[in-house]
>>> print(open('target-v4.txt').read())   # compact mmCIF, C-alpha atoms
# COMPACT_ATOMS: atom_id res chain seq x y z
CA MET A 746 12.51 -4.47 35.12
CA SER A 747 10.94 -3.32 38.42
CA LYS A 748 10.46 -5.53 41.47
CA ILE A 749 6.71 -5.57 40.84
CA ASP A 750 7.24 -6.70 37.24
CA VAL A 751 9.61 -9.49 38.31
CA LYS A 752 7.20 -10.66 40.98
CA GLU A 753 4.32 -10.71 38.47
CA LEU A 754 6.51 -12.57 35.98
CA ILE A 755 7.21 -15.22 38.63
CA ILE A 756 3.53 -15.51 39.56
CA ASN A 757 2.45 -15.78 35.91
CA SER A 758 5.02 -18.48 35.24
CA ALA A 759 4.11 -20.34 38.41
CA THR A 760 0.43 -20.17 37.49
CA LYS A 761 1.14 -21.87 34.16
CA TYR A 762 3.29 -24.57 35.73
CA PHE A 763 1.04 -25.29 38.70
CA SER A 764 -2.01 -25.39 36.39
CA LYS A 765 -0.34 -27.78 33.98
CA PHE A 766 1.64 -30.07 36.30
CA GLY A 767 0.15 -29.49 39.75
CA PHE A 768 1.80 -28.42 42.96
CA HIS A 769 3.73 -31.64 43.59
CA LYS A 770 5.31 -31.99 40.13
CA THR A 771 6.21 -28.32 39.68
CA THR A 772 9.66 -27.24 40.84
CA MET A 773 11.07 -23.82 41.58
CA ASP A 774 13.84 -24.66 39.08
CA GLU A 775 11.32 -25.05 36.25
CA ILE A 776 9.63 -21.77 37.09
CA ALA A 777 12.98 -19.96 37.25
CA LYS A 778 14.15 -21.44 33.93
CA HIS A 779 10.88 -20.47 32.27
CA ILE A 780 11.44 -16.79 33.11
CA HIS A 781 15.21 -16.93 32.51
CA LYS A 782 16.09 -16.06 36.10
CA ALA A 783 18.19 -17.72 38.76
CA LYS A 784 16.24 -19.79 41.27
CA GLY A 785 17.48 -17.43 43.99
CA VAL A 786 15.38 -14.65 42.46
CA LEU A 787 12.24 -16.66 43.24
CA TYR A 788 13.35 -17.04 46.85
CA TYR A 789 13.91 -13.29 47.07
CA TYR A 790 10.17 -12.79 46.52
CA PHE A 791 8.76 -16.01 48.02
CA LYS A 792 9.98 -18.12 50.95
CA GLY A 793 9.28 -21.30 49.03
CA LYS A 794 7.02 -23.17 46.68
CA GLU A 795 4.19 -23.20 49.25
CA GLU A 796 4.14 -19.41 49.54
CA LEU A 797 4.27 -19.05 45.75
CA PHE A 798 1.41 -21.51 45.29
CA ASN A 799 -0.57 -19.64 47.94
CA GLU A 800 -0.13 -16.39 45.99
CA VAL A 801 -1.18 -18.09 42.75
CA LEU A 802 -4.27 -19.52 44.46
CA LYS A 803 -5.10 -16.15 46.04
CA GLN A 804 -4.95 -14.40 42.66
CA GLU A 805 -7.01 -17.15 41.05
CA LEU A 806 -9.73 -16.82 43.70
CA ASN A 807 -9.56 -13.01 43.68
CA ALA A 808 -10.46 -13.09 39.99
CA VAL A 809 -13.46 -15.28 40.87
CA LYS A 810 -14.46 -12.89 43.67
CA ILE A 811 -14.43 -9.88 41.32
CA GLU A 812 -16.81 -11.58 38.90
CA LEU A 813 -19.12 -12.84 41.64
CA LYS A 814 -19.24 -9.40 43.29
CA LYS A 815 -20.38 -7.90 39.96
CA ILE A 816 -23.33 -10.30 39.97
CA VAL A 817 -24.30 -9.51 43.57
CA ASP A 818 -24.01 -5.76 42.94
CA ALA A 819 -26.09 -5.86 39.73
CA ASP A 820 -29.65 -4.56 39.79
CA ASN A 821 -31.44 -7.92 39.51
CA ASP A 822 -33.96 -9.53 41.81
CA SER A 823 -32.59 -11.98 44.37
CA LEU A 824 -33.66 -15.11 42.51
CA ILE A 825 -31.89 -14.12 39.31
CA THR A 826 -28.88 -13.04 41.37
CA LEU A 827 -28.75 -16.35 43.26
CA LYS A 828 -29.04 -18.34 40.03
CA GLU A 829 -26.39 -16.29 38.22
CA TYR A 830 -24.13 -16.37 41.28
CA THR A 831 -24.32 -20.16 41.55
CA LEU A 832 -23.87 -20.86 37.85
CA THR A 833 -21.05 -18.34 37.43
CA ARG A 834 -19.33 -19.60 40.56
CA LEU A 835 -19.30 -23.15 39.22
CA LYS A 836 -18.15 -22.03 35.77
CA LEU A 837 -15.31 -19.90 37.14
CA LEU A 838 -14.16 -22.51 39.64
CA HIS A 839 -14.25 -25.11 36.85
CA ARG A 840 -11.52 -23.06 35.16
CA ALA A 841 -9.62 -22.50 38.44
CA VAL A 842 -7.29 -25.47 38.11
CA ASN A 843 -5.14 -24.60 41.11
CA TYR A 844 -8.26 -24.42 43.27
CA HIS A 845 -9.09 -27.97 42.15
CA GLU A 846 -5.84 -29.19 43.61
CA THR A 847 -6.79 -27.81 47.02
CA LEU A 848 -9.96 -29.93 46.96
CA LYS A 849 -7.92 -33.12 47.15
CA ALA A 850 -8.07 -34.47 50.69
CA ASP A 851 -4.43 -35.51 50.75
CA PHE A 852 -3.36 -32.09 49.53
CA PHE A 853 -5.35 -30.20 52.14
CA GLU A 854 -4.30 -32.50 54.99
CA LYS A 855 -0.59 -32.19 54.18
CA TYR A 856 -0.52 -28.59 52.99
CA LEU A 857 -2.37 -26.42 55.47
CA PHE A 858 -0.72 -23.34 53.95
CA VAL A 859 -3.75 -22.99 51.66
CA LYS A 860 -6.12 -22.83 54.64
CA ASP A 861 -6.07 -19.01 54.95
CA VAL A 862 -6.79 -18.45 51.25
CA ARG A 863 -9.63 -20.98 51.27
CA GLU A 864 -11.11 -19.50 54.46
CA ASP A 865 -10.93 -16.00 52.98
CA PHE A 866 -12.87 -17.19 49.94
CA ALA A 867 -15.45 -18.92 52.16
CA LEU A 868 -15.95 -15.72 54.19
CA PHE A 869 -16.36 -13.75 50.97
CA GLU A 870 -19.00 -16.21 49.80
CA ARG A 871 -20.86 -16.10 53.11
CA ASP A 872 -21.03 -12.29 52.84
CA GLN A 873 -22.32 -12.43 49.26
CA LEU A 874 -24.92 -15.07 50.07
CA LYS A 875 -26.11 -13.05 53.07
CA ILE A 876 -26.69 -10.04 50.79
CA ILE A 877 -28.60 -12.16 48.27
CA LEU A 878 -30.73 -13.96 50.87
CA GLU A 879 -31.60 -10.77 52.78
CA ARG A 880 -32.64 -9.16 49.48
CA GLY A 881 -34.75 -12.24 48.69
CA LYS A 882 -36.51 -12.03 52.03
CA LYS A 883 -37.29 -8.32 51.53
CA GLU A 884 -38.62 -9.07 48.03
CA GLY A 885 -40.84 -11.84 49.43
CA PHE A 886 -39.24 -14.64 47.41
CA LEU A 887 -37.40 -16.31 50.28
CA ASP A 888 -38.45 -17.17 53.79
CA PHE A 889 -36.13 -18.60 56.42
CA THR A 890 -35.87 -18.38 60.19
CA ASN A 891 -32.08 -18.52 60.54
CA ILE A 892 -30.00 -16.89 57.81
CA ASN A 893 -26.73 -18.37 59.09
CA SER A 894 -28.11 -21.92 58.97
CA THR A 895 -29.47 -21.28 55.49
CA ILE A 896 -26.06 -20.03 54.33
CA ASN A 897 -24.34 -23.02 55.95
CA ILE A 898 -26.61 -25.51 54.17
CA PHE A 899 -26.28 -23.68 50.84
CA MET A 900 -22.49 -23.76 51.16
CA MET A 901 -22.52 -27.45 52.11
CA VAL A 902 -24.55 -28.25 49.02
CA ILE A 903 -22.47 -26.15 46.63
CA ASN A 904 -19.16 -27.33 48.12
CA GLY A 905 -20.41 -30.92 48.11
CA ILE A 906 -20.73 -31.02 44.35
CA GLU A 907 -17.25 -29.61 43.70
CA ILE A 908 -15.45 -32.96 44.01
CA PRO A 909 -17.48 -34.77 41.33
CA LEU A 910 -17.72 -31.72 39.08
CA PHE A 911 -14.09 -30.64 39.18
CA LEU A 912 -11.89 -33.51 40.35
CA GLN A 913 -13.86 -36.19 38.53
CA GLU A 914 -14.21 -33.82 35.57
CA LYS A 915 -18.01 -34.04 35.34
CA TYR A 916 -18.67 -30.30 34.94
CA ALA A 917 -19.07 -30.35 31.14
CA GLU A 918 -21.37 -33.38 31.41
CA TYR A 919 -23.69 -31.71 33.94
CA GLU A 920 -23.42 -28.01 33.10
CA SER A 921 -26.71 -27.81 31.19
CA THR A 922 -28.53 -29.92 33.80
CA ILE A 923 -27.32 -27.61 36.57
CA ASP A 924 -28.63 -24.66 34.56
CA GLU A 925 -32.00 -26.39 34.07
CA LEU A 926 -32.26 -27.29 37.75
CA SER A 927 -31.42 -23.70 38.74
CA SER A 928 -34.15 -22.42 36.42
CA MET A 929 -36.68 -24.84 37.91
CA ILE A 930 -35.86 -23.70 41.44
CA VAL A 931 -36.05 -20.00 40.50
CA ASN A 932 -39.32 -20.47 38.62
CA SER A 933 -40.80 -22.44 41.51
CA LEU A 934 -39.86 -19.76 44.05
CA ARG A 935 -41.17 -17.01 41.78
CA THR A 936 -44.50 -18.86 41.33
CA GLN A 937 -44.90 -19.40 45.08
CA LYS A 938 -44.78 -15.64 45.69
CA ARG A 939 -47.87 -14.98 43.60
>>> encode(input="target-v4.txt", output="structure tokens")
Amino acid sequence: MSKIDVKELIINSATKYFSKFGFHKTTMDEIAKHIHKAKGVLYYYFKGKEELFNEVLKQELNAVKIELKKIVDADNDSLITLKEYTLTRLKLLHRAVNYHETLKADFFEKYLFVKDVREDFALFERDQLKIILERGKKEGFLDFTNINSTINIFMMVINGIEIPLFLQEKYAEYESTIDELSSMIVNSLRTQKR
């Protein structure tokens, strides 16, 4: 088995354990036993549980980025793109269990090692939203004076609903309402252009 295969095996096992038991209750021993390797093998590839969790989180968010980038790059108008982006983002992050753990205030305060991965995802989102909003302005659907302020407010709103949706497990309850609200906003903006 190559070094790359062993590393992927460790990450896959860690993903299952972190997703099921969380960061705090998962041990390096459990991960090592699951893949039938000595615990020292894990430390050959990762300095510790924090670095391994960081890699798991990075891969989880990279998968989200790939799907969101497809939406932004698709040949749809900006309103459809913004709606699909928002709904897909929420759906994908709903499934991103390790991301949920980083939303917990006590986790983030004590474990700043996730800061870089979270900031990278936030920068990615800012870039995607800038593309969508600039397209919307060119198409005549959107009008704003300061794109950075608009992006900041959008991100505050979308990040603000993550706690109730994901940590309080309300996503399934509100998924269809979020879709309806998104449709109302898109239809309203489309009507205003006429």
>>> closest_residue(input="target-v4.txt", among="A:Thr771, A:Glu795, A:Tyr844, A:Lys883", to="Ala808 in chain A", atoms="all atoms listed in the file")
A:Tyr844
>>> closest_residue(input="target-v4.txt", among="A:Leu838, A:Val817, A:Ala759, A:Ala783", to="Glu800 in chain A", atoms="all atoms listed in the file")
A:Ala759
>>> closest_atom_pairs(input="target-v4.txt", of="range 869-925 of chain A", to="range 821-830 of chain A", cutoff="6 Å", atoms="all atoms listed in the file", output="tab-separated table")
residue	atom	partner	partner_atom	distance
A:Ile877	CA	A:Ser823	CA	5.6
A:Arg880	CA	A:Ser823	CA	5.8
A:Gly881	CA	A:Ser823	CA	4.8
>>> atom_distance(input="target-v4.txt", atom1="CA of Thr847 in chain A", atom2="CA of Phe768 in chain A")
9.5 Å
>>> atom_distance(input="target-v4.txt", atom1="CA of Ala917 in chain A", atom2="CA of Lys849 in chain A")
19.7 Å
>>> residues_around(input="target-v4.txt", residues="Glu920 in chain A", least_positions_apart="2", cutoff="12 Å", atoms="only C-alpha atoms", output="number ranges by chain")
A: 831-836, 839, 906, 910-911, 914-918, 922-927
>>> closest_residue(input="target-v4.txt", among="A:Lys875, A:Glu846, A:Gln913, A:Gly905", to="Phe766 in chain A", atoms="all atoms listed in the file")
A:Glu846
>>> residues_around(input="target-v4.txt", residues="Phe763 in chain A", least_positions_apart="6", cutoff="9 Å", atoms="all atoms listed in the file", output="list in words")
His769, Lys770, Thr771, Phe798, Val801, Val842 and Asn843 of chain A
>>> closest_residue(input="target-v4.txt", among="A:Leu878, A:Ile749, A:Val862, A:Ile930", to="Tyr790 in chain A", atoms="all atoms listed in the file")
A:Ile749
>>> atom_distance(input="target-v4.txt", atom1="CA of Leu813 in chain A", atom2="CA of Gln937 in chain A")
26.8 Å
